[in-house]
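Right, one structure below, let's go through it.
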Amino acid sequence: MIYSIKKISCILAISISIFQLHAQVNPKEKFDAFLKTLHTNYVDKINDDEIVDVAISAILKSLDPHSKYYSKAEYADKSQAMSGAFIGIGIEYSMQNDTACITQIIPDGPAETSGLMAGDRIISIDNEVVAAKKLGNVDILKKIRGPQKTIVKLDVLRDQKMLSFNIVRNFIPDHSVQTSYMVNDSIGYIALRIFNKTTRQEIDSTIIAMNQKGMKSLILDLQNNGGGYVESALGVADEFLTRDHLVYYSVRNDERKDYYYVGGNGHFMKGKLVVLINQATASASEILTGALQDWDRAVIVGRRSFGKGLMQKPEMLFDGSIVDLTEARYYTPSGRSLQKPYKNVDYFSEVEHRFKTGEMNNAKFIPTNDSLMYNTLINKRKVYGGGGIIPDKYIPINPFEYSNWMKEVMASGLLEQGSFEYVDNQRTLLKKNFTTIEAFQEKYKVPVKIIKQVIKEASKQGYSLDKNQKEDAIKILSLEFKAQVAAQIFSGNKSYLRVINEGNESFKEGYSILMNTKSYHELITTNHKNKK
């Protein structure tokens with residue numbers, strides 16, 4: 001018995017010693033030992049910088065889906081992309097038969113000043129032939145882009161004549177307001193594609209201009225807006241909420257809360273407001289939408305948003321690299337966290353799960369949890385946290401629009417090639433017949449034979465279409481074709497989205513709601529869980 005007690009005591013002492021040894025291990029020393037082992041025993045030479053970069057990225061990936069590591073150069077590129085401008089010459093182009101063909105000239109940019117025109121085919125860049133070289137869009141872009149105030153020489157083919165242009169690269173506005181226009185005499189429309197450094201200034205001037213045109217109601221389109229700077233979302237909220245309204249608050253790991261309010265300096269605080277969202281509306285877009293919904297300031301139309309409620313802050317390391325670290329969770333004014341689960345799930349493929357469950361086609365499949373139910377702050381409507389914003393008015397998708405056939409045909413470039421060739425041959429006539437985008441939208445008819453030819457070519461390439469889907473295919477492809485034509489003969493993406501809205505069910509429903517005051521007030525004052 002005594003022997004057994006001594007034996008147990010000895011085992012316990014050894015176990016405690018081993019535990020203490022493990023507890024006293026310095027993580028830095030352990031990692032150094034690991035690097036030393038790699039250098040000594042690994043079959044190939046090891047680059048410490050590369051190993052550390054990989055290690056940091058792996059650690060961040062294990063924490064949450066949004067913490068990221070960037071080299072100094074990578075973060076500089078990211079910051080440039082969010083600055084609201086880029087250095088270039090101001091053209092949009094499409095690859096047609098291995099040649100970059102200019103489809104749009106950005107107004108007031110270096111290309112327009114130099115005399116480049118839509119329809120020009122780029123043959124060489126800085127005396128290097130690029131036509132018929134099987135180069136991709138990125139290859140052409142790299143050759144055109146360069147430092148500010150430097151010159152790029154383009155040789156282009158126009159009407160069977162070779163022309164040369166020396167173009168000085170300069171800053172080109174990269175607007176966050178994708179497009180804006182008056183839908184009718186009283187309803188305005190603004191599409192925000194991102195929240196960058198110039199967003200508040202852009203939307204401020206846009207609203208002022210539309211107010212001068214008689215805007216009384218507004219459709220704010222945040223569909224496919226993946227977010228950006230939260231400060232910019234706060235600035236946009238300031239356009240619609242009166243002074244001292246809370247937009248969101250954040251909570252850090254020490255439970256400290258920081259509250260963010262509007263200053264009351266906006267220009268559209270009383271008119272009716274509809275916000276369009278979908279499954280790709282995320283982050284800063286959700287902060288803005290959540291605030292407008294919680295304060296009963298807007299009717300939200302569309303489908304459940306992405307569900308990102310984590311806030312990142314860039315932390316610089318000593319070598320200039322950046323850890324974009326999740327440092328807080330944000331909450332809407334009612335107290336909702338919109339962050340969806342991310343542990344042990346395929347986080348960025350969750351939209352596919354929504355298709356499988358039926359949520360994309362039927363509001364009854366939107367998941368809700370009564371323990372995460374909150375009330376809006378004015379009208380006490382029920383709203384939910386735990387995974388994105390549920391719209392006040394749900395709009396199902398057209399399943400065929402998201403079908404594999406449609407994805408494959410759109411990715412094939414057949415429609416893009418068809419629209420380019422059509423405009424290339426009809427440009428003068430189109431511009432003569434349609435002097436304004438309004439006239440184009442009202443009177444232009446898509447040649448159905450072109451769409452049928454696209455479907456026929458798609459079939460030859462293996463993209464077979466069921467007979468009962470042909471009518472749907474012609475309708476969707478015709479609208480896309482019309483939008484691409486508009487983009488080439490008017491103002492690029494602004495005209496494109498304006499035409500696409502003709503078939504956007506969320507846009508049409510938002511417009512209908514604003515046209516019906518009773519419907520608008522019913523939606524914004526009563527409980528309507530997943531209302532259709």
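We name chains A, B, ... following the order of the structure tokens; residues begin at 1 in each chain, and ligands are numbered from 1 as shown.
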Given only C-alpha atoms, how would the per-residue table for range 193-256 of chain A near range 495-499 of chain A read, listing every residue at most 12 Å away with its closest atom pair and distance in Å to one decimal, sorted by chain and number, as a tab-separated table?
```
residue	atom	partner	partner_atom	distance
A:Arg193	CA	A:Leu497	CA	11.2
A:Asp221	CA	A:Leu497	CA	10.8
A:Gln223	CA	A:Leu497	CA	11.5
```
**Request:** Would you mind writing down, as a ChimeraX atom specification, each residue of range 283-471 of chain A that DSSP on the backbone assigns to strand (DSSP E or B)?
**Result:** /A:299-302,310-316,322-331,373-375,382-384,393-394
**Request:** Within range 159-206 of chain A, find each residue whose DSSP state, derived from the backbone, is helix (DSSP H, G or I), and express the selection as a list in words.
**Result:**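 Taking range 159-206 of chain A and keeping helix (DSSP H, G or I) only, one gets Thr199, Arg200, Gln201, Glu202, Ile203, Asp204, Ser205 and Thr206 of chain A.
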Written file, previous selection with all heavy atoms, as a short mmCIF file (atom, residue, chain, number, x, y, z; two decimals), in the first residue's frame:
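The result, written out as result_28.cif:
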```cif
data_model
loop_
_atom_site.label_atom_id
_atom_site.label_comp_id
_atom_site.auth_asym_id
_atom_site.auth_seq_id
_atom_site.Cartn_x
_atom_site.Cartn_y
_atom_site.Cartn_z
N THR A 199 -16.75 59.01 -51.03
CA THR A 199 -18.17 58.67 -51.06
C THR A 199 -19.04 59.80 -50.51
O THR A 199 -20.04 60.18 -51.13
CB THR A 199 -18.43 57.38 -50.27
OG1 THR A 199 -17.69 56.31 -50.85
CG2 THR A 199 -19.91 57.03 -50.29
N ARG A 200 -18.69 60.33 -49.33
CA ARG A 200 -19.55 61.36 -48.73
C ARG A 200 -19.63 62.59 -49.63
O ARG A 200 -20.72 63.15 -49.84
CB ARG A 200 -19.01 61.76 -47.35
CG ARG A 200 -19.78 62.92 -46.69
CD ARG A 200 -21.25 62.55 -46.49
NE ARG A 200 -22.13 63.67 -46.21
CZ ARG A 200 -22.36 64.19 -45.00
NH1 ARG A 200 -21.74 63.69 -43.94
NH2 ARG A 200 -23.20 65.18 -44.83
N GLN A 201 -18.51 63.00 -50.15
CA GLN A 201 -18.50 64.17 -51.04
C GLN A 201 -19.35 63.91 -52.28
O GLN A 201 -20.12 64.78 -52.72
CB GLN A 201 -17.07 64.50 -51.43
CG GLN A 201 -16.93 65.68 -52.38
CD GLN A 201 -15.49 65.89 -52.81
OE1 GLN A 201 -14.56 65.31 -52.26
NE2 GLN A 201 -15.29 66.73 -53.81
N GLU A 202 -19.22 62.71 -52.84
CA GLU A 202 -19.97 62.37 -54.05
C GLU A 202 -21.48 62.34 -53.81
O GLU A 202 -22.26 62.93 -54.57
CB GLU A 202 -19.53 61.00 -54.58
CG GLU A 202 -18.14 60.98 -55.19
CD GLU A 202 -17.80 59.60 -55.72
OE1 GLU A 202 -18.67 58.99 -56.39
OE2 GLU A 202 -16.70 59.11 -55.46
N ILE A 203 -21.89 61.66 -52.74
CA ILE A 203 -23.33 61.53 -52.52
C ILE A 203 -23.93 62.85 -52.07
O ILE A 203 -25.08 63.17 -52.37
CB ILE A 203 -23.64 60.40 -51.51
CG1 ILE A 203 -25.10 59.99 -51.65
CG2 ILE A 203 -23.32 60.81 -50.08
CD1 ILE A 203 -25.45 58.69 -50.96
N ASP A 204 -23.13 63.66 -51.39
CA ASP A 204 -23.58 64.98 -50.96
C ASP A 204 -23.93 65.85 -52.17
O ASP A 204 -25.02 66.41 -52.27
CB ASP A 204 -22.49 65.64 -50.12
CG ASP A 204 -23.02 66.80 -49.28
OD1 ASP A 204 -23.92 66.56 -48.47
OD2 ASP A 204 -22.52 67.92 -49.45
N SER A 205 -23.00 65.92 -53.11
CA SER A 205 -23.22 66.75 -54.30
C SER A 205 -24.32 66.16 -55.18
O SER A 205 -25.09 66.90 -55.82
CB SER A 205 -21.92 66.89 -55.10
OG SER A 205 -21.44 65.62 -55.52
N THR A 206 -24.43 64.83 -55.21
CA THR A 206 -25.46 64.17 -56.01
C THR A 206 -26.85 64.49 -55.48
O THR A 206 -27.77 64.82 -56.24
CB THR A 206 -25.24 62.65 -56.04
OG1 THR A 206 -23.96 62.35 -56.60
CG2 THR A 206 -26.32 61.96 -56.87
#
```
**Asked** From the set A:Gln417, A:Asn375, A:Asn527, A:Ile513, which residue has the shortest atom-to-atom contact distance to Lys272 in chain A, counting only C-alpha atoms?
**Response**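 Using only C-alpha atoms, Lys272 in chain A sits closest to A:Ile513.
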**Request:** Considering only C-alpha atoms, return as a VMD selection string whatever protein or nucleic-acid residues lie within 12 Å of Asp139 in chain A, sequence-local ones (same chain, fewer than 5 positions apart) excluded.
**Result:** chain A and resid 95 98 to 100 125 130 to 131 133 to 134 144 to 145
Could you write out the selected residues, including C-alpha atoms, as a PDB file, in the first residue's frame?
```pdb
ATOM      1  CA  MET A  95     -10.941  42.044 -75.849  1.00  0.00           C
ATOM      2  CA  ASP A  98      -7.370  39.006 -79.486  1.00  0.00           C
ATOM      3  CA  THR A  99      -7.451  42.791 -79.858  1.00  0.00           C
ATOM      4  CA  ALA A 100      -8.248  45.391 -77.192  1.00  0.00           C
ATOM      5  CA  ILE A 125       1.456  50.151 -76.784  1.00  0.00           C
ATOM      6  CA  VAL A 130      -0.319  43.832 -78.618  1.00  0.00           C
ATOM      7  CA  ALA A 131      -2.975  42.989 -81.217  1.00  0.00           C
ATOM      8  CA  LYS A 133      -1.063  38.282 -79.257  1.00  0.00           C
ATOM      9  CA  LYS A 134      -3.614  36.433 -77.124  1.00  0.00           C
ATOM     10  CA  ILE A 144      -1.326  51.126 -70.175  1.00  0.00           C
ATOM     11  CA  ARG A 145      -1.015  51.970 -66.479  1.00  0.00           C
TER      12      ARG A 145
END
```
